[in-house]
Amino acid sequence: MDGSPSPTGPKVAAVVVAAGKGLRTGGAVPKQFVMWRGKPLVRHSVEALVAAGIAPVVVAIPEGWDEVAADCLAGIAGVRRIRGGDTRQDSVRLALESLEVDAPARVLIHDAARPVLPRVVIHALLAALETSSAAIPVLPVVDSLVRGEAGAMAAAVSRDGLFRVQTPQAFDFAAILAAHRGWQGATDAGDDAQVAVAAGLVVALTVGDEALRKVTFAADLEETEMSVLPRTGMG
Ligand code: CTP
Ligand code: MG
């Protein structure tokens, strides 16, 4: 198994969270709707998921932006839009609940703010779900790490066992929906893997990709343009 969804294999759906305000990027339009490499940012990853055979793809949209979002996603088969929530975690939970009627076996949860989604990353995640109920793409930390106090370095921190976490994150659908509904954290979880671990799921680590970087600041829209090309997938 290479992890590709197939008509006879387990049904794989996706959630793309695009309901944020993009405050750190700034500008009149939330970053997910900005034109980038000839298309609205959100369209890139949604097209990649659909091209990988994943359906349906539920996209969470901020209140007041549904017409813009419809234009951004026009003509892509298998895409549904829902109203997102106040936090990323709310947007994910609402999107998962909207997928209950479809009863997919597995789901990929992805940030719209990560436009370049290499096929090889999807394949690795789905392959990992053959033996695990959750899987996330990670990359090693390459820079030195330090702990700072009052503007000065207090101590060096070992990089051993530390990774940078990306999306999409892949889960057994029923398990991650239950984990989100049962989340007891006082604050918003940083990502869905944190929700999964809190619910007792084992989260497998797969190989991420530098191309998956997240647009956070306005400069990222320029910088990402010059970033490494995604590795070509296995087909
Ligand atoms: N997101 C969402 N619903 C929210 C908040 C965030 O769907 N209530 C989505 C964003 O659209 C984005 C992803 O979660 O695709 C990652 O969030 P982030 O990069 O923080 O985007 P924003 O929250 O939009 O940006 P900022 O924090 O700078 O306002
Ligand atoms: Mg945010």
# chains A, B, ... in the order shown; residues from 1 in each chain; ligands from 1
call {"tool": "select_by_dssp", "arguments": {"residues": "range 39-235 of chain A", "states": "alpha helix (DSSP H)", "output": "compact mmCIF listing (two decimals) with C-alpha atoms, in the first residue's frame"}}
result
# COMPACT_ATOMS: atom_id res chain seq x y z
CA LEU A 41 -4.01 30.91 -1.71
CA VAL A 42 -6.72 28.54 -0.43
CA ARG A 43 -7.28 27.08 -3.89
CA HIS A 44 -3.78 25.58 -4.09
CA SER A 45 -4.11 23.04 -1.27
CA VAL A 46 -7.78 22.26 -1.99
CA GLU A 47 -6.86 21.38 -5.59
CA ALA A 48 -3.95 19.25 -4.36
CA LEU A 49 -6.24 17.26 -2.05
CA VAL A 50 -8.89 16.74 -4.75
CA ALA A 51 -6.18 15.71 -7.24
CA ASP A 66 -18.55 33.10 1.83
CA GLU A 67 -19.09 34.82 -1.54
CA VAL A 68 -15.38 35.53 -1.88
CA ALA A 69 -14.61 31.95 -0.86
CA ALA A 70 -17.09 30.58 -3.41
CA ASP A 71 -15.28 32.54 -6.14
CA CYS A 72 -11.89 31.35 -4.90
CA ARG A 88 -8.92 27.24 14.69
CA GLN A 89 -9.97 24.40 16.95
CA ASP A 90 -13.63 25.43 16.70
CA SER A 91 -13.32 25.59 12.91
CA VAL A 92 -11.88 22.06 12.85
CA ARG A 93 -14.58 20.66 15.13
CA LEU A 94 -17.40 22.25 13.12
CA ALA A 95 -15.93 20.89 9.88
CA LEU A 96 -15.53 17.38 11.34
CA GLU A 97 -19.13 17.45 12.58
CA SER A 98 -20.29 18.42 9.07
CA ARG A 119 1.56 14.46 -2.91
CA VAL A 120 4.37 12.46 -1.27
CA VAL A 121 3.43 13.91 2.13
CA ILE A 122 -0.20 12.80 1.73
CA HIS A 123 0.93 9.31 0.71
CA ALA A 124 3.22 8.98 3.73
CA LEU A 125 0.48 10.07 6.13
CA LEU A 126 -2.10 7.68 4.71
CA ALA A 127 0.41 4.83 4.70
CA ALA A 128 1.10 5.51 8.40
CA PHE A 173 -12.19 10.03 11.50
CA ALA A 174 -14.20 8.71 14.44
CA ALA A 175 -11.21 8.94 16.78
CA ILE A 176 -10.38 12.58 16.04
CA LEU A 177 -14.02 13.67 16.12
CA ALA A 178 -14.40 12.07 19.56
CA ALA A 179 -11.10 13.66 20.67
CA HIS A 180 -12.26 17.14 19.65
CA ARG A 181 -15.62 16.69 21.37
CA ASP A 192 -5.04 18.57 16.13
CA ALA A 193 -2.16 16.30 17.14
CA GLN A 194 -2.31 17.89 20.60
CA VAL A 195 -6.03 17.10 20.79
CA ALA A 196 -5.31 13.52 19.67
CA VAL A 197 -2.56 12.97 22.26
CA ALA A 198 -4.77 14.39 25.03
CA ALA A 218 3.17 39.48 4.78
CA ALA A 219 6.82 38.76 3.91
CA ASP A 220 6.02 35.02 3.71
CA LEU A 221 3.90 35.70 0.62
CA GLU A 222 7.08 36.92 -1.10
CA GLU A 223 9.50 34.51 0.57
call {"tool": "residues_near_ligand", "arguments": {"ligand": "ligand 1", "cutoff": "10 Å", "atoms": "only C-alpha atoms and all ligand atoms", "output": "ChimeraX atom specification"}}
result
/A:15-26,30-33,41-42,59-63,83-92,94-95,110-115,167,190-191,214-218
call {"tool": "atom_distance", "arguments": {"atom1": "CA of Val146 in chain A", "atom2": "CA of Asp160 in chain A"}}
result
13.0 Å
call {"tool": "closest_residue", "arguments": {"among": "A:Ala189, A:Val34, A:Ala14, A:Val58", "to": "ligand 2", "atoms": "only C-alpha atoms and all ligand atoms"}}
result
A:Ala189
call {"tool": "residues_around", "arguments": {"residues": "Leu139 in chain A", "least_positions_apart": "2", "cutoff": "6 Å", "atoms": "only C-alpha atoms", "output": "ChimeraX atom specification"}}
result
/A:163-164,208
call {"tool": "residues_around", "arguments": {"residues": "Gln169 in chain A", "least_positions_apart": "4", "cutoff": "6 Å", "atoms": "only C-alpha atoms", "output": "number ranges by chain"}}
result
A: 108-109, 136
call {"tool": "atom_distance", "arguments": {"atom1": "CA of Gly27 in chain A", "atom2": "CA of Val116 in chain A"}}
result
21.5 Å
call {"tool": "select_by_dssp", "arguments": {"residues": "range 3-216 of chain A", "states": "strand (DSSP E or B)", "output": "VMD selection string"}}
result
chain A and resid 12 to 17 35 to 36 39 to 40 57 to 61 79 to 83 106 to 111 134 to 140 145 to 149 152 to 157 163 to 165 169 to 172 203 to 207
call {"tool": "closest_residue", "arguments": {"among": "A:Asp188, A:Asp172, A:Glu149, A:Asp209", "to": "ligand 2", "atoms": "only C-alpha atoms and all ligand atoms"}}
result
A:Asp188
call {"tool": "atom_distance", "arguments": {"atom1": "CA of Trp36 in chain A", "atom2": "CA of Ala77 in chain A"}}
result
21.3 Å
call {"tool": "closest_residue", "arguments": {"among": "A:Gly161, A:Pro56, A:Pro10, A:Pro140", "to": "Arg106 in chain A", "atoms": "only C-alpha atoms"}}
result
A:Pro10
call {"tool": "decode", "arguments": {"residues": "range 114-215 of chain A", "atoms": "C-alpha atoms", "output": "mmCIF file, in the first residue's frame"}}
result
data_model
loop_
_atom_site.group_PDB
_atom_site.id
_atom_site.type_symbol
_atom_site.label_atom_id
_atom_site.label_comp_id
_atom_site.auth_asym_id
_atom_site.auth_seq_id
_atom_site.Cartn_x
_atom_site.Cartn_y
_atom_site.Cartn_z
ATOM 1 C CA ARG A 114 0.056 26.193 3.714
ATOM 2 C CA PRO A 115 -0.556 26.412 -0.049
ATOM 3 C CA VAL A 116 2.039 23.940 -1.326
ATOM 4 C CA LEU A 117 0.985 20.392 -0.453
ATOM 5 C CA PRO A 118 3.261 17.745 -1.985
ATOM 6 C CA ARG A 119 1.562 14.455 -2.906
ATOM 7 C CA VAL A 120 4.374 12.463 -1.275
ATOM 8 C CA VAL A 121 3.429 13.914 2.133
ATOM 9 C CA ILE A 122 -0.202 12.795 1.726
ATOM 10 C CA HIS A 123 0.927 9.305 0.713
ATOM 11 C CA ALA A 124 3.224 8.975 3.727
ATOM 12 C CA LEU A 125 0.478 10.072 6.132
ATOM 13 C CA LEU A 126 -2.103 7.679 4.709
ATOM 14 C CA ALA A 127 0.414 4.832 4.702
ATOM 15 C CA ALA A 128 1.097 5.511 8.395
ATOM 16 C CA LEU A 129 -2.646 5.278 9.119
ATOM 17 C CA GLU A 130 -2.467 1.612 8.104
ATOM 18 C CA THR A 131 -0.925 0.941 11.515
ATOM 19 C CA SER A 132 -1.702 4.043 13.604
ATOM 20 C CA SER A 133 -4.829 6.100 14.293
ATOM 21 C CA ALA A 134 -3.017 9.400 13.842
ATOM 22 C CA ALA A 135 -0.017 10.673 11.848
ATOM 23 C CA ILE A 136 1.639 14.082 11.453
ATOM 24 C CA PRO A 137 4.370 15.410 9.133
ATOM 25 C CA VAL A 138 7.430 16.737 10.950
ATOM 26 C CA LEU A 139 10.860 18.140 10.120
ATOM 27 C CA PRO A 140 13.980 18.242 12.277
ATOM 28 C CA VAL A 141 14.940 21.466 14.041
ATOM 29 C CA VAL A 142 18.099 22.743 12.335
ATOM 30 C CA ASP A 143 18.822 25.965 14.223
ATOM 31 C CA SER A 144 20.260 25.971 17.732
ATOM 32 C CA LEU A 145 17.672 26.437 20.457
ATOM 33 C CA VAL A 146 18.086 28.561 23.568
ATOM 34 C CA ARG A 147 15.915 29.560 26.472
ATOM 35 C CA GLY A 148 15.808 33.330 26.961
ATOM 36 C CA GLU A 149 15.077 35.326 30.088
ATOM 37 C CA ALA A 150 14.696 39.115 30.194
ATOM 38 C CA GLY A 151 16.287 39.480 26.767
ATOM 39 C CA ALA A 152 19.380 37.409 27.546
ATOM 40 C CA MET A 153 20.274 33.780 26.890
ATOM 41 C CA ALA A 154 19.705 31.713 29.997
ATOM 42 C CA ALA A 155 20.628 28.269 28.674
ATOM 43 C CA ALA A 156 21.097 26.163 25.569
ATOM 44 C CA VAL A 157 18.300 23.680 24.831
ATOM 45 C CA SER A 158 19.028 20.287 23.266
ATOM 46 C CA ARG A 159 17.426 19.643 19.869
ATOM 47 C CA ASP A 160 17.333 15.919 20.620
ATOM 48 C CA GLY A 161 13.862 14.544 20.006
ATOM 49 C CA LEU A 162 12.429 17.901 18.933
ATOM 50 C CA PHE A 163 10.601 18.397 15.625
ATOM 51 C CA ARG A 164 8.710 21.123 13.764
ATOM 52 C CA VAL A 165 5.121 20.064 13.080
ATOM 53 C CA GLN A 166 3.235 20.791 9.852
ATOM 54 C CA THR A 167 -0.161 20.034 8.362
ATOM 55 C CA PRO A 168 -1.950 18.101 6.900
ATOM 56 C CA GLN A 169 -2.400 15.897 9.956
ATOM 57 C CA ALA A 170 -4.118 12.556 9.368
ATOM 58 C CA PHE A 171 -6.504 10.683 11.622
ATOM 59 C CA ASP A 172 -9.063 7.935 11.932
ATOM 60 C CA PHE A 173 -12.186 10.026 11.495
ATOM 61 C CA ALA A 174 -14.203 8.705 14.442
ATOM 62 C CA ALA A 175 -11.210 8.939 16.783
ATOM 63 C CA ILE A 176 -10.378 12.579 16.036
ATOM 64 C CA LEU A 177 -14.023 13.665 16.117
ATOM 65 C CA ALA A 178 -14.396 12.072 19.564
ATOM 66 C CA ALA A 179 -11.101 13.659 20.675
ATOM 67 C CA HIS A 180 -12.265 17.140 19.648
ATOM 68 C CA ARG A 181 -15.620 16.689 21.374
ATOM 69 C CA GLY A 182 -13.871 15.513 24.527
ATOM 70 C CA TRP A 183 -11.195 18.260 24.601
ATOM 71 C CA GLN A 184 -10.857 19.447 28.204
ATOM 72 C CA GLY A 185 -8.083 21.975 27.692
ATOM 73 C CA ALA A 186 -8.693 25.408 29.186
ATOM 74 C CA THR A 187 -7.314 27.081 26.058
ATOM 75 C CA ASP A 188 -7.262 26.355 22.354
ATOM 76 C CA ALA A 189 -5.048 23.462 21.269
ATOM 77 C CA GLY A 190 -2.115 24.441 19.051
ATOM 78 C CA ASP A 191 -3.026 21.750 16.561
ATOM 79 C CA ASP A 192 -5.037 18.573 16.128
ATOM 80 C CA ALA A 193 -2.163 16.304 17.138
ATOM 81 C CA GLN A 194 -2.310 17.887 20.597
ATOM 82 C CA VAL A 195 -6.028 17.097 20.785
ATOM 83 C CA ALA A 196 -5.307 13.523 19.673
ATOM 84 C CA VAL A 197 -2.564 12.968 22.258
ATOM 85 C CA ALA A 198 -4.771 14.394 25.025
ATOM 86 C CA ALA A 199 -7.368 11.786 24.045
ATOM 87 C CA GLY A 200 -4.784 8.998 24.340
ATOM 88 C CA LEU A 201 -4.131 8.383 20.638
ATOM 89 C CA VAL A 202 -0.657 7.392 19.480
ATOM 90 C CA VAL A 203 0.484 9.913 16.866
ATOM 91 C CA ALA A 204 2.963 8.556 14.300
ATOM 92 C CA LEU A 205 5.605 10.910 12.844
ATOM 93 C CA THR A 206 6.086 10.996 9.064
ATOM 94 C CA VAL A 207 8.480 13.062 6.948
ATOM 95 C CA GLY A 208 7.293 16.625 6.287
ATOM 96 C CA ASP A 209 8.435 18.978 3.537
ATOM 97 C CA GLU A 210 9.956 22.476 3.621
ATOM 98 C CA ALA A 211 7.547 23.406 0.825
ATOM 99 C CA LEU A 212 4.660 23.011 3.303
ATOM 100 C CA ARG A 213 5.646 26.144 5.216
ATOM 101 C CA LYS A 214 2.850 28.333 6.553
ATOM 102 C CA VAL A 215 2.160 31.874 5.392
#
